[in-house]
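Reading through the C-alpha cells given below for one structure.
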Amino acid sequence: MFIDIDCTQEKKYNQNTYGDYFVSKRYPEAGRLVAVLSDGLGSGIKANILACMTSTMLLKFVEAESDIQKACEIILNSLPVCKIRKISYSTFSAIDCDDEGNAKIVEEGNPQFLWIRNNQILEPQYRIITSKTFSNRHMHIYKIKLEKGDRLIFCSDGVTQAALGSKDLRLGLKREGLIDIVLKELSTEPNISSRELSRRIVKSALIAEPDHKAKDDISALCVYYRDPRESLIFTGPPYHQAKDSIYAHTFFNFQGKKAVCGGTTANLISRELGIPVRNDLHQISGKLPSISHMEGIDLVTEGILTLTKACEYLETEEIGKDAAGELVKFLLDSDCITFMVGAKLNQAHYDPTLPVEIEIRKNIIKKMKKLLEDKYIKKVTVQYM
C-alpha cells in the first residue's frame, strides 16, 4: 500500500506567518513515514517558533531511532506551560506508520483524529500517559492497523473551533462538523487525494466563519492508504545509442502514467516505435515551447527549459499555465515517480545564448528529486541510461 499524505494550512487573519507547523519524512527503505502537526500557543511568529520546535524535535528523536512514544514523552515533560493561561506552549499530533498499515499515533492537546473506513468513523482504543512534570498534561496513545482505503484526518483546533461564538455555530464546528465535512466529500468523490481533501477541509472551515476570515491558524492533515499512482518520465537520449529500442519499449510498456521531456527523446521514441509526434499549434501560454502529443503517452514537452521551470514551480508553489505547469501537475498527481535519464551529452545545453541559470539535465533531475521527496513526500527513483 502507499501512504498518501498531505497538509493544508491557513494563517490567522492579519498574521504574516503560520502558528501551526507541519513536518514529515518518508523512509523508503523501511517503507515508513513519520509526520507531526503542532499548534503553537497564540498566533504569529511566537506560535510558529514554538510549533516548529516541537515538530522538528519530535522528528529528530524518531530519526535517532527513538520510539515515537518515548520521544513524545520527552517533549511532553520538557515543554513549559504558559504562566498566565496555564496551558502548554504547544500541542501536537504525531503519527508513525508503515506500508503494511501498522500505525502508532500520539496526541497531546490537539483535536482527536478521525479514522474512516468505508465512510464509517471508527473509534480506536487508547491509553493515557500523564506528564511526570505537569500533572494536567496528558498524551493519548493509539496503536491501530490500517487497511487499504482507510483515511486518517488530523487537524488543529482552528478547524473544530471555526465560527466559534457566531450566531449559527456558537460552539464552533466541533468534531461533529468536521465529520460531516469529510463524509460529504468522500461520498461525492470516494478516491479524492489527501492533498485535495485537506484543501477542502480548510476551505470549509473558512466558509463557516461569518466573514470568511480565519480567527485562528487552520491546519488539516490527511492520510490515505491506497494503491500507488505510478509514473515514468523519460528525458534525454541514452548513452549507448544501440540500446535506444530497448529503452523505448521499456518506457512504452510501463503500467502507469508516462511523460517525455525533450524533443530528442520524443523523436527517439517516435523512430523506434513508429509513433508520430504531433506538435500543439495552440501555445498554452508563457514563453516555454508548447506541449506535443504522442499516442499512448500522457505528456510530451521540451526538455531542459521545461524541467528547469518545473523545478522553479515546485520551489515556489506558484504553478504557471505552460508546459512546465502541466509537468508539475503530472508529478503532483503521482505517488511513485521514476525518471529515466539519458546520459548522452547534448551540445545544445552548452549554447552560450541560453540563460545562465539553466543547469545540465542530471543536476536538474537531482534537484527535482529532492524537492519531490522532501517537500511533496513522493517516492522518487532515478535511473541513468
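Chain identifiers are assigned as A, B, and so on, following the order in which chains appear in the C-alpha cells; residues are numbered from 1 within each chain, and ligands are numbered from 1 in order of appearance.
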
**OP:** Assign secondary structure with DSSP using the backbone only, and return the residues of stretch 195-384 of chain A in strand (DSSP E) as a PyMOL selection string.
**Re:** chain A and resi 218-226+230-235+257-261+278-279+292-294+297-301+336-341+379-384

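Near A:Pro228, within 7 Å and counting only C-alpha atoms, sit Met1, Phe2, Asp335 and Cys336 of chain A; same-chain residues fewer than 5 positions away were not included.
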
Dump of N, CA, C and O atoms for the selected residues, as a CSV table (one decimal), in the first residue's frame:
```
chain,number,residue,atom,x,y,z
A,1,MET,N,0.8,-1.2,0.0
A,1,MET,CA,0.0,0.0,0.0
A,1,MET,C,0.9,1.2,0.0
A,1,MET,O,2.0,1.2,0.5
A,2,PHE,N,0.3,2.3,-0.5
A,2,PHE,CA,1.0,3.6,-0.5
A,2,PHE,C,0.4,4.5,0.5
A,2,PHE,O,-0.9,4.6,0.7
A,335,ASP,N,2.4,9.3,-7.1
A,335,ASP,CA,3.0,8.9,-5.8
A,335,ASP,C,4.4,8.4,-5.9
A,335,ASP,O,5.3,8.8,-5.2
A,336,CYS,N,4.6,7.4,-6.8
A,336,CYS,CA,5.9,6.8,-7.1
A,336,CYS,C,6.3,7.3,-8.5
A,336,CYS,O,5.7,6.9,-9.5
```

Determine, using only C-alpha atoms, which residues of stretch 124-239 of chain A have any atom at most 12 Å from an atom of stretch 253-276 of chain A, and tabulate each with its shortest atom pair and distance in Å to one decimal place, rows ordered by chain and then rising number, as a Markdown table.
```
| residue | atom | partner | partner_atom | distance |
| --- | --- | --- | --- | --- |
| A:Asp227 | CA | A:Gly256 | CA | 11.8 |
| A:Pro228 | CA | A:Gly256 | CA | 9.8 |
| A:Arg229 | CA | A:Gly256 | CA | 7.2 |
| A:Glu230 | CA | A:Gly256 | CA | 5.2 |
| A:Ser231 | CA | A:Lys257 | CA | 4.5 |
| A:Leu232 | CA | A:Lys258 | CA | 4.9 |
| A:Ile233 | CA | A:Ala259 | CA | 4.7 |
| A:Phe234 | CA | A:Val260 | CA | 4.9 |
| A:Thr235 | CA | A:Cys261 | CA | 4.9 |
| A:Gly236 | CA | A:Thr265 | CA | 5.5 |
| A:Pro237 | CA | A:Thr265 | CA | 5.6 |
| A:Pro238 | CA | A:Thr265 | CA | 8.8 |
```

For the residues in that selection, give me N, CA, C and O atoms as an mmCIF file, in the first residue's frame.
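Writing the result to again06.cif gives the following:
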```
data_model
loop_
_atom_site.group_PDB
_atom_site.id
_atom_site.type_symbol
_atom_site.label_atom_id
_atom_site.label_comp_id
_atom_site.auth_asym_id
_atom_site.auth_seq_id
_atom_site.Cartn_x
_atom_site.Cartn_y
_atom_site.Cartn_z
ATOM 1 N N ASP A 227 -3.629 2.070 -3.295
ATOM 2 C CA ASP A 227 -2.651 1.617 -4.287
ATOM 3 C C ASP A 227 -1.904 2.833 -4.816
ATOM 4 O O ASP A 227 -2.503 3.897 -5.013
ATOM 5 N N PRO A 228 -0.609 2.707 -5.066
ATOM 6 C CA PRO A 228 0.155 3.870 -5.530
ATOM 7 C C PRO A 228 -0.172 4.259 -6.970
ATOM 8 O O PRO A 228 -0.483 3.401 -7.802
ATOM 9 N N ARG A 229 -0.110 5.559 -7.238
ATOM 10 C CA ARG A 229 -0.224 6.062 -8.609
ATOM 11 C C ARG A 229 1.199 6.208 -9.125
ATOM 12 O O ARG A 229 1.957 7.053 -8.644
ATOM 13 N N GLU A 230 1.557 5.378 -10.089
ATOM 14 C CA GLU A 230 2.944 5.353 -10.569
ATOM 15 C C GLU A 230 3.077 6.104 -11.883
ATOM 16 O O GLU A 230 2.165 6.113 -12.708
ATOM 17 N N SER A 231 4.241 6.749 -12.056
ATOM 18 C CA SER A 231 4.501 7.476 -13.302
ATOM 19 C C SER A 231 5.965 7.332 -13.694
ATOM 20 O O SER A 231 6.826 7.063 -12.849
ATOM 21 N N LEU A 232 6.212 7.511 -14.974
ATOM 22 C CA LEU A 232 7.563 7.371 -15.530
ATOM 23 C C LEU A 232 7.839 8.555 -16.446
ATOM 24 O O LEU A 232 7.023 8.890 -17.313
ATOM 25 N N ILE A 233 8.987 9.211 -16.240
ATOM 26 C CA ILE A 233 9.396 10.340 -17.082
ATOM 27 C C ILE A 233 10.688 9.957 -17.794
ATOM 28 O O ILE A 233 11.682 9.593 -17.151
ATOM 29 N N PHE A 234 10.678 10.024 -19.103
ATOM 30 C CA PHE A 234 11.850 9.709 -19.931
ATOM 31 C C PHE A 234 12.405 11.032 -20.454
ATOM 32 O O PHE A 234 11.718 11.788 -21.117
ATOM 33 N N THR A 235 13.688 11.309 -20.147
ATOM 34 C CA THR A 235 14.279 12.562 -20.604
ATOM 35 C C THR A 235 15.739 12.349 -20.984
ATOM 36 O O THR A 235 16.509 11.763 -20.224
ATOM 37 N N GLY A 236 16.107 12.784 -22.170
ATOM 38 C CA GLY A 236 17.490 12.684 -22.628
ATOM 39 C C GLY A 236 17.793 11.385 -23.327
ATOM 40 O O GLY A 236 17.333 10.316 -22.900
ATOM 41 N N PRO A 237 18.577 11.431 -24.401
ATOM 42 C CA PRO A 237 18.925 10.210 -25.132
ATOM 43 C C PRO A 237 19.897 9.337 -24.334
ATOM 44 O O PRO A 237 20.770 9.856 -23.632
ATOM 45 N N PRO A 238 19.757 8.000 -24.414
ATOM 46 C CA PRO A 238 20.664 7.088 -23.700
ATOM 47 C C PRO A 238 22.102 7.213 -24.206
ATOM 48 O O PRO A 238 22.352 7.617 -25.345
#
```

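Interatomic distance, atom CA of A:Thr17 against atom CA of A:Lys213: 14.9 Å.
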
Interface rows for stretch 266-334 of chain A against stretch 194-198 of chain A: nearest pair, Å to one decimal, 12 Å, only C-alpha atoms, as a Markdown table:
```
| residue | atom | partner | partner_atom | distance |
| --- | --- | --- | --- | --- |
| A:Leu332 | CA | A:Arg195 | CA | 9.3 |
| A:Asp333 | CA | A:Arg195 | CA | 9.5 |
| A:Ser334 | CA | A:Arg195 | CA | 11.5 |
```

Go ahead and write the selection's residues with N, CA and C atoms as a CSV table (one decimal), in the first residue's frame.
```
chain,number,residue,atom,x,y,z
A,332,LEU,N,2.7,16.0,-9.4
A,332,LEU,CA,1.9,16.0,-8.1
A,332,LEU,C,0.7,15.1,-8.1
A,333,ASP,N,0.3,14.6,-9.2
A,333,ASP,CA,-0.8,13.6,-9.3
A,333,ASP,C,-0.3,12.2,-9.2
A,334,SER,N,1.1,12.1,-9.0
A,334,SER,CA,1.7,10.8,-8.9
A,334,SER,C,2.2,10.5,-7.5
```

**OP:** Using only C-alpha atoms, find the one residue out of A:Lys25, A:Lys174, A:Lys104, A:Lys203 that sits nearest to A:Ile141.
**Re:** A:Lys104

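Residues in contact with A:Asp67 at 10 Å, where only C-alpha atoms are counted and same-chain residues fewer than 6 positions away are skipped, are listed as Phe61, Glu73, Asp96 and Lys104 of chain A.
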
Export of prior selection with C-alpha atoms as a short mmCIF file (atom, residue, chain, number, x, y, z; two decimals), in the first residue's frame:
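Output contents, as saved in again-v6.cif:
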```
data_model
loop_
_atom_site.label_atom_id
_atom_site.label_comp_id
_atom_site.auth_asym_id
_atom_site.auth_seq_id
_atom_site.Cartn_x
_atom_site.Cartn_y
_atom_site.Cartn_z
CA PHE A 61 14.09 11.98 18.11
CA GLU A 73 7.09 11.71 26.46
CA ASP A 96 4.50 6.80 12.79
CA LYS A 104 1.20 4.43 16.19
#
```

Subject >> Contacts of stretch 370-378 of chain A at 10 Å (only C-alpha atoms; same-chain gap of 3+ positions) as a PyMOL selection string >> reply: chain A and resi 3-7+23-28+33+195+311+314-315+331-332+334-337+365-367+381

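Candidate residues A:Ile105, A:Leu206, A:Ile181, A:Val34 were compared for distance to A:Gln125, and the nearest is A:Ile105, using only C-alpha atoms.
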
Original post:
Please, which residues of stretch 133-366 of chain A, numbered as in this document, come out alpha helix (DSSP H) from DSSP, as a PyMOL selection string?
Top reply: chain A and resi 157-160+174-188+194-208+244-252+263-273+304-316+323-332+361-366

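Taking atom CA of A:Gly172 and atom CA of A:Thr160 as the two end points, the separation is 6.3 Å.
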
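If only C-alpha atoms are the atoms counted, then among A:Leu41, A:Met340, A:Ile129, A:Leu58 the closest residue to A:Tyr247 is A:Met340.
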
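The shortest atom-to-atom distance to A:Asn363, with only C-alpha atoms taken into account, belongs to A:Leu307 out of A:Leu327, A:Ile45, A:Ala30, A:Leu307.
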
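Reported to one decimal place, the separation of atom CA of A:Arg127 from atom CA of A:Gln69 is 11.5 Å.
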